[in-house]
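Heads up: the structure comes next, in structure tokens.
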Amino acid sequence: MSMAMSLAGLSAATAQTPAAAPQQEEPERYGPFFFLPSQPNLLIYVGAVGANDMLNLKKALREHPTISTLILQNNGGGLVHIGLVVAEEVYERGLNTYIPKDSYCASACSFVFFAGRQRLAEGRLGVHQISAPEMTGEQAQFGVSDIVATLPKYGVSADVLGIMFSTPSKEMYFFTPQEIIKYGINRTGNVQTASNAPQQGAPRSAPAPAPQPQPQPQPAAAPSQAQAPADEQRLPPRKPAESSPVPAQVPNPYMPKETAPAAISDEQKAINAAALMIQAGSGTNEEAMNFTREFYADTVDYFKKQRPKSEILADKQAYFARWPVRRFVVDQNSLKAKCKDQMCMVVGLYDYKVSSPERGKTATGTSNFTYILDLRNRYRIVMEDSEVISR
């Protein structure tokens, strides 16, 4: 008889697992997924996010309906669009997600983690901007649109989204244990959300270079984030899913599927999306334009005038060219939203610092903003206005 255990009690249970316990049974393998009959609540996802993962996941869940928790073990990501559809499957089925201590989940794997009904990161969680060389430009933009529309639904805070979209795709941002708490990343039992109050004096960990897929063997476990210095916080070479080893030891995080988090309000979804939209402008000109293309409806009330999307994109592109170095920081405490029939007005403040090294110019200040987002149309902006209130 299996023991039902909440995520809150996971750490204690893991600590009681014998460190040298040998793995005697033969696991059932479904591509990068492994099922151990002695732990029927668990499914282990190892290696990389690959093309056939959705089919393999569905097969494993169909053959083992007892599975309630997905263990994300040493998974460095991979195909962005597959990570998104696997995440949606996890969300729709109400599965829990868990990153074991001395393990990691990064890049496209992070989407899967965030989709968990209950989720717990005891290992390392890494995020960055999407990089999808396997996709065409149009498909990559669709991936951006998916992220904008789905991650707020999973209860990912605006702070986390801002970090994700401001970390270059060739680097990886690993959250410290303190940030895991601060940003409400873990969700055990009752929903934890990041506080809206601004937090001062808590420095972000330095981004680390992102890994490139390599066929070399992968270490058994990644170093824990608390022990790794900033300049060493990089993933080991990613091992292809087809040759990923079965973990020598798996903890026993039995988590009941019955405990569902409270639904996230349309207002909070809209606030998260709006903050992401502003902070995405901190990227390079190309990255910022990729996001901007996904943010607007076909026609927008843009600074009190009805304008087509093409004119708005031209205006944004000219702004990015004029100020190629940009930093936007949203005041989380200022954000407010009011929604009716999935049309949401979001207002708030953000600080900006923009510069043009070529022209030798810099501008700083604070601006307010107002968006109306259509949640029925992938959170796209149908009205935008803003005004600089201090320089």
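Chain labels run A, B, ... following the order of the structure tokens; each chain numbers its residues from 1, and ligands are numbered from 1 in the order shown.
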Task: DSSP alpha helix (DSSP H) selection over stretch 66-155 of chain A, as a PyMOL selection string - done: chain A and resi 80-93+108-114+137-150
Open item on the list: What's the separation between atom CA of A:Val86 and atom CA of A:Ile181, in Å to one decimal place?
Closed with: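 Here the two named atoms are 25.3 Å from each other.
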Task: Nearest candidate to A:Asn96 (options A:His128, A:Lys170, A:Arg119, A:Lys353; using only C-alpha atoms) - done: A:Arg119
TODO: Counting only C-alpha atoms, figure out which residue out of A:Val354, A:Val382, A:Val346, A:Val329 gets nearest to A:Asp301.
DONE: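 The shortest atom-to-atom distance to A:Asp301 comes from A:Val382.
Here atom CA of A:Thr370 stands at a distance of 7.0 Å from atom CA of A:Met345.
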TODO: Could you check which of A:Leu72, A:Leu43, A:Ala274, A:Leu313 is closest to A:Lys58, using only C-alpha atoms?
DONE: A:Leu43
Task: Of the listed residues A:Lys182, A:Glu28, A:Pro177, A:Glu171, that which approaches A:Lys101 most closely, counting only C-alpha atoms - done: A:Pro177
TODO: Using backbone DSSP assignments, extract all strand (DSSP E or B) residues from stretch 68-187 of chain A; output them as a ChimeraX atom specification.
DONE: /A:69-78,96-99,104-106,119-121,124-127,171-174,187
TODO: Determine, counting only C-alpha atoms, which protein, DNA and RNA residues have an atom within 8 Å of an atom of A:Ile44; residues of the same chain fewer than 4 positions away are not included. Present the result as number ranges by chain.
DONE: A: 32-35, 70-73
TODO: Considering only C-alpha atoms, return as a VMD selection string whatever protein or nucleic-acid residues lie within 12 Å of stretch 333-341 of chain A, sequence-local ones (same chain, fewer than 2 positions apart) excluded.
DONE: chain A and resid 158 to 159 194 to 199 265 to 275 329 to 331 343 to 351 367 to 376
Residue subset to file, keeping N, CA and C atoms, as a CSV table (one decimal), in the first residue's frame:
chain,number,residue,atom,x,y,z
A,158,ALA,N,4.8,37.5,-12.5
A,158,ALA,CA,5.4,38.4,-13.4
A,158,ALA,C,6.9,38.6,-13.2
A,159,ASP,N,7.4,38.4,-12.0
A,159,ASP,CA,8.8,38.5,-11.7
A,159,ASP,C,9.6,37.4,-12.4
A,194,ALA,N,3.9,35.1,-5.5
A,194,ALA,CA,4.9,36.1,-5.1
A,194,ALA,C,4.2,37.3,-4.6
A,195,SER,N,4.8,37.9,-3.6
A,195,SER,CA,4.3,39.1,-3.0
A,195,SER,C,4.4,40.3,-4.0
A,196,ASN,N,3.4,41.1,-4.0
A,196,ASN,CA,3.4,42.3,-4.8
A,196,ASN,C,4.3,43.4,-4.3
A,197,ALA,N,4.7,43.2,-3.0
A,197,ALA,CA,5.6,44.3,-2.4
A,197,ALA,C,7.0,44.2,-3.0
A,198,PRO,N,7.6,45.3,-3.4
A,198,PRO,CA,8.9,45.3,-4.0
A,198,PRO,C,9.9,44.8,-2.9
A,199,GLN,N,10.8,44.0,-3.4
A,199,GLN,CA,11.8,43.4,-2.5
A,199,GLN,C,13.2,44.0,-2.8
A,265,SER,N,-7.1,34.2,-11.0
A,265,SER,CA,-8.1,35.2,-11.5
A,265,SER,C,-7.7,35.8,-12.8
A,266,ASP,N,-8.6,36.2,-13.6
A,266,ASP,CA,-8.3,36.9,-14.9
A,266,ASP,C,-7.5,38.1,-14.6
A,267,GLU,N,-7.7,38.8,-13.5
A,267,GLU,CA,-7.0,40.0,-13.1
A,267,GLU,C,-5.5,39.7,-12.9
A,268,GLN,N,-5.2,38.6,-12.2
A,268,GLN,CA,-3.8,38.2,-12.0
A,268,GLN,C,-3.1,37.8,-13.3
A,269,LYS,N,-3.9,37.0,-14.1
A,269,LYS,CA,-3.3,36.6,-15.4
A,269,LYS,C,-2.9,37.8,-16.2
A,270,ALA,N,-3.8,38.8,-16.3
A,270,ALA,CA,-3.6,40.0,-17.1
A,270,ALA,C,-2.4,40.8,-16.5
A,271,ILE,N,-2.3,40.9,-15.2
A,271,ILE,CA,-1.2,41.6,-14.6
A,271,ILE,C,0.2,40.9,-15.0
A,272,ASN,N,0.2,39.6,-14.9
A,272,ASN,CA,1.4,38.9,-15.2
A,272,ASN,C,1.8,39.1,-16.7
A,273,ALA,N,0.8,39.0,-17.6
A,273,ALA,CA,1.1,39.2,-19.0
A,273,ALA,C,1.5,40.6,-19.3
A,274,ALA,N,0.9,41.6,-18.7
A,274,ALA,CA,1.3,43.0,-19.0
A,274,ALA,C,2.7,43.3,-18.5
A,275,ALA,N,3.1,42.8,-17.3
A,275,ALA,CA,4.4,43.0,-16.8
A,275,ALA,C,5.4,42.3,-17.7
A,329,VAL,N,11.9,48.2,-15.8
A,329,VAL,CA,11.6,47.4,-14.5
A,329,VAL,C,10.3,47.9,-14.0
A,330,VAL,N,9.4,46.9,-14.0
A,330,VAL,CA,8.0,47.2,-13.6
A,330,VAL,C,7.9,47.3,-12.1
A,331,ASP,N,7.2,48.3,-11.6
A,331,ASP,CA,6.9,48.4,-10.2
A,331,ASP,C,5.7,47.5,-9.9
A,343,MET,N,-12.0,40.8,-20.9
A,343,MET,CA,-11.3,42.0,-21.4
A,343,MET,C,-10.8,42.7,-20.1
A,344,CYS,N,-9.5,42.9,-20.1
A,344,CYS,CA,-8.9,43.3,-18.8
A,344,CYS,C,-8.1,44.6,-19.0
A,345,MET,N,-8.4,45.6,-18.2
A,345,MET,CA,-7.6,46.8,-18.2
A,345,MET,C,-6.5,46.7,-17.1
A,346,VAL,N,-5.2,46.9,-17.4
A,346,VAL,CA,-4.1,46.8,-16.5
A,346,VAL,C,-3.4,48.2,-16.5
A,347,VAL,N,-3.2,48.7,-15.3
A,347,VAL,CA,-2.5,50.0,-15.1
A,347,VAL,C,-1.3,49.8,-14.2
A,348,GLY,N,-0.3,50.6,-14.3
A,348,GLY,CA,0.9,50.5,-13.5
A,348,GLY,C,2.0,51.4,-13.8
A,349,LEU,N,3.1,51.3,-13.2
A,349,LEU,CA,4.3,52.1,-13.4
A,349,LEU,C,5.5,51.3,-13.7
A,350,TYR,N,6.4,51.9,-14.5
A,350,TYR,CA,7.7,51.2,-14.7
A,350,TYR,C,8.8,52.2,-14.8
A,351,ASP,N,10.0,51.8,-14.3
A,351,ASP,CA,11.2,52.7,-14.5
A,351,ASP,C,11.9,52.3,-15.8
A,367,SER,N,7.5,56.0,-16.0
A,367,SER,CA,6.3,56.2,-16.9
A,367,SER,C,5.2,55.3,-16.3
A,368,ASN,N,3.9,55.9,-16.5
A,368,ASN,CA,2.8,55.0,-16.3
A,368,ASN,C,2.4,54.3,-17.6
A,369,PHE,N,1.5,53.4,-17.5
A,369,PHE,CA,1.0,52.7,-18.7
A,369,PHE,C,-0.4,52.2,-18.4
A,370,THR,N,-1.2,52.0,-19.5
A,370,THR,CA,-2.5,51.4,-19.5
A,370,THR,C,-2.6,50.5,-20.6
A,371,TYR,N,-3.0,49.3,-20.4
A,371,TYR,CA,-3.2,48.3,-21.4
A,371,TYR,C,-4.7,47.8,-21.2
A,372,ILE,N,-5.3,47.5,-22.3
A,372,ILE,CA,-6.5,46.6,-22.3
A,372,ILE,C,-6.1,45.3,-23.1
A,373,LEU,N,-6.2,44.2,-22.4
A,373,LEU,CA,-5.8,42.9,-23.0
A,373,LEU,C,-7.1,42.1,-23.2
A,374,ASP,N,-7.1,41.4,-24.4
A,374,ASP,CA,-8.2,40.5,-24.7
A,374,ASP,C,-7.7,39.1,-24.4
A,375,LEU,N,-8.2,38.6,-23.3
A,375,LEU,CA,-7.8,37.2,-22.9
A,375,LEU,C,-8.3,36.2,-23.8
A,376,ARG,N,-9.4,36.5,-24.6
A,376,ARG,CA,-9.9,35.5,-25.6
A,376,ARG,C,-9.0,35.4,-26.8
TODO: Find the residue from A:Gly184, A:Thr150, A:Met164, A:Phe175 that sits nearest to A:Tyr379; use only C-alpha atoms when measuring.
DONE: A:Thr150
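Atom pair atom CA of A:Val160 / atom CA of A:Tyr183 has a distance of 6.8 Å (rounded to one decimal).
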Open item on the list: Calculated over only C-alpha atoms, which of the candidates A:Ala121, A:Met54, A:Leu276, A:Leu151 has the smallest distance to A:Thr188?
Closed with: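 Between A:Ala121, A:Met54, A:Leu276, A:Leu151, the residue approaching A:Thr188 most closely is A:Ala121.
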